[in-house]
Structure formats: structure tokens, C-alpha cells
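Asker: Enclosed is the structure file model_1.cif (mmCIF, C-alpha atoms).
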data_protein
#
loop_
_atom_site.label_atom_id
_atom_site.label_comp_id
_atom_site.auth_asym_id
_atom_site.auth_seq_id
_atom_site.Cartn_x
_atom_site.Cartn_y
_atom_site.Cartn_z
CA MET A 1 -19.32 -6.78 -51.32
CA ALA A 2 -19.05 -5.72 -47.66
CA LYS A 3 -16.91 -2.91 -46.29
CA GLN A 4 -13.17 -3.50 -46.69
CA PRO A 5 -11.81 -4.92 -43.45
CA THR A 6 -8.65 -4.13 -41.53
CA LEU A 7 -6.25 -7.05 -41.22
CA GLU A 8 -3.91 -7.60 -38.30
CA SER A 9 -0.61 -9.45 -37.95
CA ASP A 10 1.94 -9.47 -35.14
CA ARG A 11 3.45 -6.06 -35.97
CA LEU A 12 1.17 -4.64 -38.65
CA LEU A 13 -2.29 -3.36 -39.39
CA LEU A 14 -3.37 -3.54 -43.01
CA ARG A 15 -6.16 -1.02 -43.38
CA PRO A 16 -7.97 0.77 -46.19
CA PHE A 17 -6.16 3.85 -47.45
CA ARG A 18 -7.40 7.32 -46.48
CA THR A 19 -7.02 10.49 -48.52
CA THR A 20 -4.83 11.80 -45.69
CA ASP A 21 -2.28 9.08 -46.60
CA ALA A 22 -1.53 10.70 -49.97
CA GLU A 23 1.43 12.81 -48.84
CA ARG A 24 3.10 9.80 -47.19
CA VAL A 25 2.43 7.62 -50.27
CA GLN A 26 4.02 10.24 -52.49
CA LEU A 27 7.05 10.45 -50.19
CA LEU A 28 7.65 6.68 -49.94
CA ALA A 29 6.55 5.45 -53.37
CA GLY A 30 8.16 8.49 -54.96
CA ASP A 31 11.60 7.33 -53.85
CA ARG A 32 13.40 6.33 -57.06
CA ALA A 33 14.69 3.13 -55.43
CA VAL A 34 11.12 2.04 -54.60
CA ALA A 35 9.76 2.98 -58.02
CA ASP A 36 12.66 1.13 -59.67
CA THR A 37 11.56 -2.18 -58.14
CA ALA A 38 7.90 -2.00 -59.23
CA LEU A 39 6.40 -2.04 -62.69
CA ASN A 40 3.44 0.18 -61.85
CA ILE A 41 4.98 2.96 -59.77
CA PRO A 42 5.82 6.05 -61.82
CA HIS A 43 8.83 8.25 -61.25
CA PRO A 44 8.71 11.07 -60.61
CA PHE A 45 5.61 10.55 -58.46
CA GLU A 46 3.91 13.87 -59.11
CA ASP A 47 1.47 15.85 -56.99
CA GLY A 48 -2.06 14.50 -57.25
CA MET A 49 -1.07 10.98 -58.31
CA ALA A 50 -1.44 9.49 -54.83
CA GLU A 51 -4.83 11.14 -54.28
CA LYS A 52 -6.10 9.83 -57.62
CA TRP A 53 -4.83 6.30 -56.88
CA ILE A 54 -6.39 6.27 -53.40
CA SER A 55 -9.70 7.62 -54.73
CA ASN A 56 -10.12 4.46 -56.86
CA HIS A 57 -9.69 1.94 -54.04
CA ARG A 58 -13.29 1.86 -52.75
CA ASP A 59 -14.78 1.40 -56.24
CA TRP A 60 -12.29 -1.35 -57.08
CA PHE A 61 -13.17 -3.15 -53.86
CA GLU A 62 -16.92 -2.75 -54.29
CA ARG A 63 -16.72 -4.11 -57.85
CA GLY A 64 -14.62 -7.05 -56.62
CA GLU A 65 -11.71 -6.11 -58.91
CA GLN A 66 -9.00 -5.19 -56.42
CA VAL A 67 -8.37 -4.79 -52.75
CA VAL A 68 -5.59 -2.43 -51.64
CA PHE A 69 -4.35 -2.00 -48.08
CA ALA A 70 -2.10 0.53 -46.40
CA VAL A 71 0.64 -1.34 -44.53
CA THR A 72 0.97 0.39 -41.16
CA LEU A 73 2.96 -0.29 -38.00
CA LYS A 74 1.07 -1.47 -34.95
CA GLN A 75 3.85 -0.81 -32.42
CA PRO A 76 3.16 1.53 -29.51
CA GLY A 77 4.78 4.93 -29.36
CA ASP A 78 5.69 7.26 -32.19
CA GLY A 79 5.52 4.51 -34.83
CA ARG A 80 1.92 3.50 -34.15
CA GLY A 81 -0.14 3.75 -37.28
CA LEU A 82 2.81 4.87 -39.39
CA LEU A 83 2.26 3.99 -43.05
CA VAL A 84 5.24 2.04 -44.40
CA GLY A 85 3.88 0.65 -47.68
CA ALA A 86 1.01 -0.81 -49.68
CA ILE A 87 -0.20 -4.28 -50.60
CA GLY A 88 -3.05 -5.50 -52.70
CA LEU A 89 -4.68 -8.14 -54.84
CA ARG A 90 -5.95 -7.70 -58.41
CA ILE A 91 -8.79 -10.23 -58.48
CA ASN A 92 -9.98 -12.51 -61.27
CA ARG A 93 -13.29 -13.79 -59.86
CA GLU A 94 -14.05 -16.20 -62.71
CA ASP A 95 -10.84 -18.15 -62.18
CA GLN A 96 -10.71 -17.59 -58.39
CA ARG A 97 -7.21 -16.19 -58.58
CA ALA A 98 -5.51 -12.90 -57.86
CA GLU A 99 -2.25 -11.16 -58.57
CA LEU A 100 -0.43 -9.91 -55.50
CA GLY A 101 1.42 -6.60 -55.58
CA TYR A 102 3.23 -4.64 -52.89
CA TRP A 103 5.78 -1.99 -52.11
CA ILE A 104 7.48 -0.99 -48.88
CA GLY A 105 9.20 2.35 -48.26
CA ARG A 106 12.99 2.12 -48.38
CA PRO A 107 13.53 3.03 -44.68
CA TYR A 108 11.55 -0.13 -43.80
CA TRP A 109 13.30 -2.61 -46.11
CA GLY A 110 14.93 -5.66 -44.55
CA GLN A 111 12.74 -5.72 -41.42
CA GLY A 112 10.32 -8.47 -42.46
CA TYR A 113 7.32 -6.16 -42.84
CA CYS A 114 6.68 -7.17 -46.43
CA THR A 115 6.68 -10.92 -45.72
CA GLU A 116 4.37 -10.37 -42.75
CA ALA A 117 1.97 -8.29 -44.84
CA VAL A 118 2.02 -10.85 -47.68
CA ARG A 119 1.11 -13.67 -45.28
CA ALA A 120 -1.78 -11.67 -43.79
CA LEU A 121 -3.12 -10.77 -47.21
CA MET A 122 -2.83 -14.34 -48.52
CA ASP A 123 -4.83 -15.54 -45.49
CA PHE A 124 -7.53 -12.98 -46.29
CA GLY A 125 -7.53 -13.94 -49.98
CA PHE A 126 -8.00 -17.65 -49.38
CA ARG A 127 -10.37 -17.34 -46.42
CA ASP A 128 -12.52 -14.32 -47.23
CA LEU A 129 -12.24 -13.91 -51.00
CA ASP A 130 -12.46 -17.66 -51.72
CA LEU A 131 -9.40 -17.57 -53.96
CA ASN A 132 -7.79 -20.77 -55.17
CA ARG A 133 -4.53 -19.23 -56.44
CA ILE A 134 -2.49 -16.15 -55.63
CA GLU A 135 0.37 -15.26 -57.95
CA ALA A 136 3.03 -12.59 -57.89
CA ASN A 137 6.02 -11.57 -59.93
CA HIS A 138 9.15 -9.51 -59.52
CA PHE A 139 11.92 -8.21 -61.72
CA SER A 140 14.71 -10.79 -61.93
CA ARG A 141 17.17 -8.09 -60.83
CA ASN A 142 15.27 -7.72 -57.53
CA PRO A 143 15.92 -11.02 -55.70
CA ALA A 144 14.85 -9.52 -52.33
CA SER A 145 11.26 -9.53 -53.57
CA GLY A 146 11.65 -13.18 -54.54
CA ARG A 147 12.84 -13.98 -51.02
CA VAL A 148 9.66 -12.36 -49.65
CA MET A 149 7.56 -14.61 -51.88
CA GLN A 150 9.54 -17.71 -50.89
CA LYS A 151 9.28 -16.92 -47.15
CA ALA A 152 5.53 -16.51 -47.59
CA GLY A 153 5.33 -20.05 -49.00
CA MET A 154 5.05 -19.25 -52.70
CA THR A 155 6.53 -21.54 -55.36
CA HIS A 156 8.73 -20.27 -58.19
CA GLU A 157 7.06 -21.16 -61.49
CA GLY A 158 9.54 -19.71 -63.93
CA ARG A 159 11.11 -16.73 -65.63
CA LEU A 160 9.27 -14.65 -68.21
CA ARG A 161 12.00 -13.27 -70.44
CA GLN A 162 11.73 -9.59 -71.40
CA TYR A 163 8.16 -9.65 -70.09
CA ALA A 164 7.86 -6.05 -68.96
CA LYS A 165 9.28 -2.71 -69.95
CA LYS A 166 10.45 -0.36 -67.20
CA TRP A 167 11.96 3.01 -68.01
CA GLY A 168 12.63 1.99 -71.59
CA LEU A 169 14.33 -1.33 -70.81
CA PHE A 170 12.87 -4.81 -71.18
CA GLU A 171 12.91 -6.71 -67.89
CA ASP A 172 12.89 -10.42 -67.14
CA VAL A 173 10.27 -11.28 -64.53
CA GLU A 174 10.14 -14.18 -62.05
CA LEU A 175 6.70 -15.73 -61.50
CA TYR A 176 5.58 -17.21 -58.16
CA SER A 177 2.31 -18.63 -56.91
CA ILE A 178 0.62 -20.36 -54.01
CA LEU A 179 -2.51 -22.49 -54.07
CA ARG A 180 -5.13 -22.66 -51.35
CA GLU A 181 -4.39 -26.39 -50.92
CA SER A 182 -0.76 -25.49 -50.06
CA THR A 183 -1.72 -23.40 -47.04
#
Would you mind writing the file's structure down as C-alpha cells?
Answerer:
Amino acid sequence: MAKQPTLESDRLLLRPFRTTDAERVQLLAGDRAVADTALNIPHPFEDGMAEKWISNHRDWFERGEQVVFAVTLKQPGDGRGLLVGAIGLRINREDQRAELGYWIGRPYWGQGYCTEAVRALMDFGFRDLDLNRIEANHFSRNPASGRVMQKAGMTHEGRLRQYAKKWGLFEDVELYSILREST
């Protein structure tokens, strides 16, 4: 597979992570409110975890398993290049589908960054990765994430009852998807 590209939308650049992003990842993803909304973000987010996670990205991409992007602001001035979150696809090549995952730092919630990043990544997935289906899920108690998926054109497929366990509690999960033919 070729080098991981940088994707551009109106306000964002989605670029490969750098090891220098680790401190910012730990700060944003380590926020309990952010970790609480995502199945795979630990809390506390301890020293070294971000570096280890980032160090896997290139291998995942080269093996065609996952692609992970840093969500950064494109605006001029002090905010240019500021990392505000992460977004990625876990790829199933055989079935030409991928699972979408994302998180945005709490100071950047409610500003449309997540929806914009999702749309850019879905474009990349269908166009460059030749995917047929992109799916995503969110905890039922986090309807804001569902609104992101809806705004990005995804269709609600159903609720998976007590599908995941987060911090010792079973969580219902809402499943969404979009097909290439829908875009």
C-alpha cells in the first residue's frame, strides 16, 4: 500500500499521526468525558499509551488493516494545525467494509468537526480503499454521536442490547452504516 495521504475538508486536515502528537492525544483522549463515550479509550490514559498507539499506525496502514488520522484544524492563526481528535477505519478487505471510529476533544464538541471529518474519511474509504460498506456504532446513551452519523448520511440499522462492556457496565450500542451506492 502507498504512503498514507493527508485528507482535506473545508476546515480540517486529516493527517497521519506523529510521535510529537502523543502529549496532545493523552491530554484530549485522557479526559474522562471523552473516554466515557468510546469503548476503546482507557481511563486513566497513562504515560506511554499514546506513543504506543501512534507507533502502530504505520504498520496497520501498510498491512491494510487500519488507517488512523489526526483530526487537525486548518484555520489560519494560532489554531492552524491544532490536533482536536482522531478518526480511523478498521478494514476488512475480504468483505470490502470497514468500521469507523472517532473521538474529538471535549473543547471542540458541538462545532461540526466530527461530522466534517467523518464525511472526508468516508469519501477516502469509498474512493481510495474501494470499500462497499462503512459501519459505525455508538453507545445508546451518547445520542450526539448518532447525530454525527446521521448528518454524514449513515442509516441506523438497529440496537445491539448489552453489546459492550465499559467500566464494568454492559452498554447498548446503536449500529449505523452507509453503502457506496448511497453516496
Asker: Could you give me, as a PyMOL selection string, the residues that sit within 12 Å of (-11.3, -7.4, -54.0) in the file's coordinates, counting only C-alpha atoms?
Answerer: chain A and resi 1-5+16+57-69+88-93+96-100+121+124-126+128-131
Asker: Pick the closest to Ile87 (chain A) from A:His138, A:Arg133, A:Arg106, A:Arg119: which is it, counting all atoms listed in the file?
Answerer: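 Among the listed residues, the smallest separation from Ile87 (chain A) belongs to A:Arg119.
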Asker: Please indicate the distance in Å from CA of Val148 (chain A) to CA of Ala33 (chain A), rounded to one decimal place.
Answerer: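 About the pair CA of Val148 (chain A) and CA of Ala33 (chain A): they are 17.3 Å apart.
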Asker: So what does the PyMOL selection byres ((chain A and resi 179) around 6) actually pick up in this one, as a list of chain:residue names?
Answerer: A:Asn132, A:Arg133, A:Ile178, A:Arg180, A:Glu181, A:Ser182
Asker: For Tyr163 (chain A), find every residue with an atom within 9 Å (counting all atoms listed in the file), except residues of its own chain fewer than 6 positions away, and show them as a CSV table (one decimal) with C-alpha atoms, in the frame of the given file.
Answerer:
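As written to disk, selection_36.csv reads:
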chain,number,residue,atom,x,y,z
A,170,PHE,CA,12.9,-4.8,-71.2
A,171,GLU,CA,12.9,-6.7,-67.9
A,172,ASP,CA,12.9,-10.4,-67.1
A,173,VAL,CA,10.3,-11.3,-64.5
Asker: For Ile41 (chain A), please output as a ChimeraX atom specification all residues within 10 Å (counting all atoms listed in the file; exclusion window: fewer than 6 positions along the same chain).
Answerer: /A:29-32,34-35,103,166
Asker: Could you pull the residues within 10 Å of Thr115 (chain A), counting all atoms listed in the file, minus those fewer than 4 positions along the same chain, as a list in words?
Answerer: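 The residues satisfying every condition are Gly110, Gln111, Arg119, Ala120, Leu121, Ser145, Arg147, Val148, Met149, Gln150, Lys151, Ala152 and Gly153 of chain A.
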Asker: Using all atoms listed in the file, which of A:Val71, A:Leu175, A:Leu83, A:Glu116 sits nearest Glu23 (chain A)?
Answerer: A:Leu83
Asker: Would you work out the distance separating CA of Met122 (chain A) from CA of Phe45 (chain A), expressed in Å to one decimal?
Answerer: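 Straight-line distance from CA of Met122 (chain A) to CA of Phe45 (chain A) works out to 28.1 Å.
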Asker: Enter the distance from CA of Ile104 (chain A) to CA of Arg161 (chain A), in Å, rounded to one decimal.
Answerer: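 Spanning CA of Ile104 (chain A) to CA of Arg161 (chain A) is a straight-line distance of 25.2 Å.
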